[in-house]
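What follows is a short report on a single structure.
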Amino acid sequence: MIKTWNVTIPVLTGKEQRKAYLYLPESYDWEPERRYPVLYMFDGHNVFFDSHATYGKSWGMKEYLDRTAQPLIVAAVECNHSPDNGRLREYSPYSFEDPYFGAVTGQGIETMEWLIHTFKEDIDRRFRTIPGREHTFIAGSSMGGLMSFYALFAYNEVFSRAAALSPSLWVAPRRLEHMARQAKLDPVTVLYMDYGSRELAGHRGMTEHFSRMTGLLMRRQLFVESRIVPEGEHCEASWEQQIPFFMNTFFYDFS
């Protein structure tokens, strides 16, 4: 079951409405006492419905979750579609300059503060979640992958596991490495990170950024699964194929 409603993010876009999506597992109705972990995702319009997706192809998360009967709630919010780098601004924790996009003022911190202190609190209040960090995950791709990576380190007291698919590490590789090196992390912190083999040449030095970050995290003895996806591309169809891989990391059993 997927519920949708409209939300506003006043600190980012005032009274402008955007759509929120919530997936509830089939067991939610016939096990009324059961509570569930929650996965928060970026680019909510691309998560469930092809008809809502920017390029006509979604991740197909509902079909995967229904088929596998994963005991998981998924909550996601539509991105900022403003042509004035709206999505890049909201999905970058740092300001940066790029030859194609120009100067981008990062608003990722404001995005995360709203997601944690407004959206997550609303989800925990309205639905039968398990609100603690052990059962709170985050995932996204591209700039959403960057934000998922950032959230795991900057808000480790909230999120225990993250999936960063094709993360835009090129935005600020040195600052991200510094954060990953210095962040205080709970011993049970899990990161899934991948990049498609066909997209590595899309940004200068991406292979080096990705491999250096992987090595840094392994030296920190983080629970990290890092992959180069054979023939992987920068699109929802490719990211959909990686769902079983990152979903497996969300349910590692540390007991």
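Scheme for the structure tokens: letters A, B, ... for chains in order shown; per-chain residue numbers from 1; ligand numbers from 1 in order shown.
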
Give me the range 79-195 of chain A side of the contact with range 209-227 of chain A, cut-off 12 Å, one line per residue showing its nearest atom pair and distance in Å at one decimal, counting only C-alpha atoms, sorted by chain and residue number, as CSV.
residue,atom,partner,partner_atom,distance
A:Leu146,CA,A:Phe210,CA,11.8
A:Phe149,CA,A:Met213,CA,11.0
A:Leu152,CA,A:Leu222,CA,11.5
A:Phe153,CA,A:Leu217,CA,11.1
A:Ser160,CA,A:Phe223,CA,10.7
A:Arg161,CA,A:Phe223,CA,9.4
A:Ala162,CA,A:Val224,CA,9.8
A:Ala163,CA,A:Glu225,CA,9.4
A:Ala164,CA,A:Ser226,CA,9.6
A:Leu165,CA,A:Arg227,CA,9.6
A:Ser166,CA,A:Phe210,CA,9.6
A:Pro167,CA,A:Phe210,CA,8.9
A:Ser168,CA,A:Phe210,CA,9.7
A:Leu169,CA,A:His209,CA,6.9
A:Trp170,CA,A:His209,CA,7.3
A:Val171,CA,A:His209,CA,10.5
A:Ala172,CA,A:His209,CA,9.9
A:Pro173,CA,A:His209,CA,6.6
A:Arg174,CA,A:His209,CA,9.0
A:Arg175,CA,A:Met213,CA,11.3
A:Leu176,CA,A:Met213,CA,8.6
A:Glu177,CA,A:Met213,CA,6.6
A:His178,CA,A:Leu216,CA,9.9
A:Met179,CA,A:Met213,CA,10.9
A:Ala180,CA,A:Leu217,CA,7.2
A:Arg181,CA,A:Leu216,CA,7.2
A:Gln182,CA,A:Arg220,CA,9.9
A:Ala183,CA,A:Arg220,CA,10.4
A:Lys184,CA,A:Arg220,CA,10.8
A:Leu185,CA,A:Leu222,CA,8.8
A:Asp186,CA,A:Leu222,CA,9.6
A:Pro187,CA,A:Leu222,CA,7.9
A:Val188,CA,A:Phe223,CA,7.6
A:Thr189,CA,A:Phe223,CA,6.3
A:Val190,CA,A:Phe223,CA,4.8
A:Leu191,CA,A:Val224,CA,4.8
A:Tyr192,CA,A:Glu225,CA,4.8
A:Met193,CA,A:Ser226,CA,4.9
A:Asp194,CA,A:Arg227,CA,4.6
A:Tyr195,CA,A:Arg227,CA,6.6

Within 12 Å of range 249-255 of chain A: each range 12-39 of chain A residue with its shortest pair, only C-alpha atoms, as a Markdown table:
| residue | atom | partner | partner_atom | distance |
| --- | --- | --- | --- | --- |
| A:Pro37 | CA | A:Phe250 | CA | 9.9 |
| A:Val38 | CA | A:Phe250 | CA | 10.4 |
| A:Leu39 | CA | A:Phe250 | CA | 9.1 |

Atoms kept (all heavy atoms) for selection, written as an mmCIF file, in the first residue's frame:
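Wrote it out as part_38.cif, contents follow:
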data_model
loop_
_atom_site.group_PDB
_atom_site.id
_atom_site.type_symbol
_atom_site.label_atom_id
_atom_site.label_comp_id
_atom_site.auth_asym_id
_atom_site.auth_seq_id
_atom_site.Cartn_x
_atom_site.Cartn_y
_atom_site.Cartn_z
ATOM 1 N N PRO A 37 10.737 -1.000 10.998
ATOM 2 C CA PRO A 37 11.820 -0.060 10.665
ATOM 3 C C PRO A 37 11.405 0.816 9.492
ATOM 4 O O PRO A 37 10.465 0.472 8.748
ATOM 5 C CB PRO A 37 12.985 -0.984 10.300
ATOM 6 C CG PRO A 37 12.364 -2.287 9.926
ATOM 7 C CD PRO A 37 11.092 -2.397 10.706
ATOM 8 N N VAL A 38 12.109 1.923 9.324
ATOM 9 C CA VAL A 38 11.756 2.865 8.260
ATOM 10 C C VAL A 38 12.987 3.190 7.420
ATOM 11 O O VAL A 38 14.069 3.479 7.948
ATOM 12 C CB VAL A 38 11.179 4.178 8.831
ATOM 13 C CG1 VAL A 38 10.761 5.113 7.688
ATOM 14 C CG2 VAL A 38 9.984 3.900 9.725
ATOM 15 N N LEU A 39 12.812 3.154 6.121
ATOM 16 C CA LEU A 39 13.807 3.597 5.164
ATOM 17 C C LEU A 39 13.344 4.927 4.578
ATOM 18 O O LEU A 39 12.254 5.011 3.993
ATOM 19 C CB LEU A 39 13.973 2.566 4.042
ATOM 20 C CG LEU A 39 14.730 3.019 2.784
ATOM 21 C CD1 LEU A 39 16.164 3.417 3.128
ATOM 22 C CD2 LEU A 39 14.699 1.921 1.716
#

- prompt: What is the distance, in Å and to one decimal place, between CA of Thr111 in chain A and CA of Val229 in chain A?
  reply: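 So the answer is 28.9 Å.
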
task: as number ranges by chain, list the residues of range 21-251 of chain A assigned to helix (DSSP H, G or I) by DSSP on the backbone atoms of this structure.
output: A: 27-30, 44-46, 61-68, 86-90, 108-126, 133-135, 143-154, 169-171, 173-182, 200-202, 206-219, 236-240, 243-250

- request: Apply DSSP to the backbone of this structure and, from range 4-230 of chain A, keep only the residues in strand (DSSP E or B); write these as a PyMOL selection string.
  value: chain A and resi 4-8+17-23+36+38-41+73-77+96-98+102-104+129+136-141+161-165+190-196+223-229

- line: Nearest to Pro25 in chain A, restricted to only C-alpha atoms and choosing among A:Ala201, A:Cys79, A:Ile2, A:Met41, comes out as A:Ile2

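Closest to His81 in chain A among A:Ala53, A:Ala103, A:Ala69, A:Leu115 is A:Ala53, based on only C-alpha atoms.
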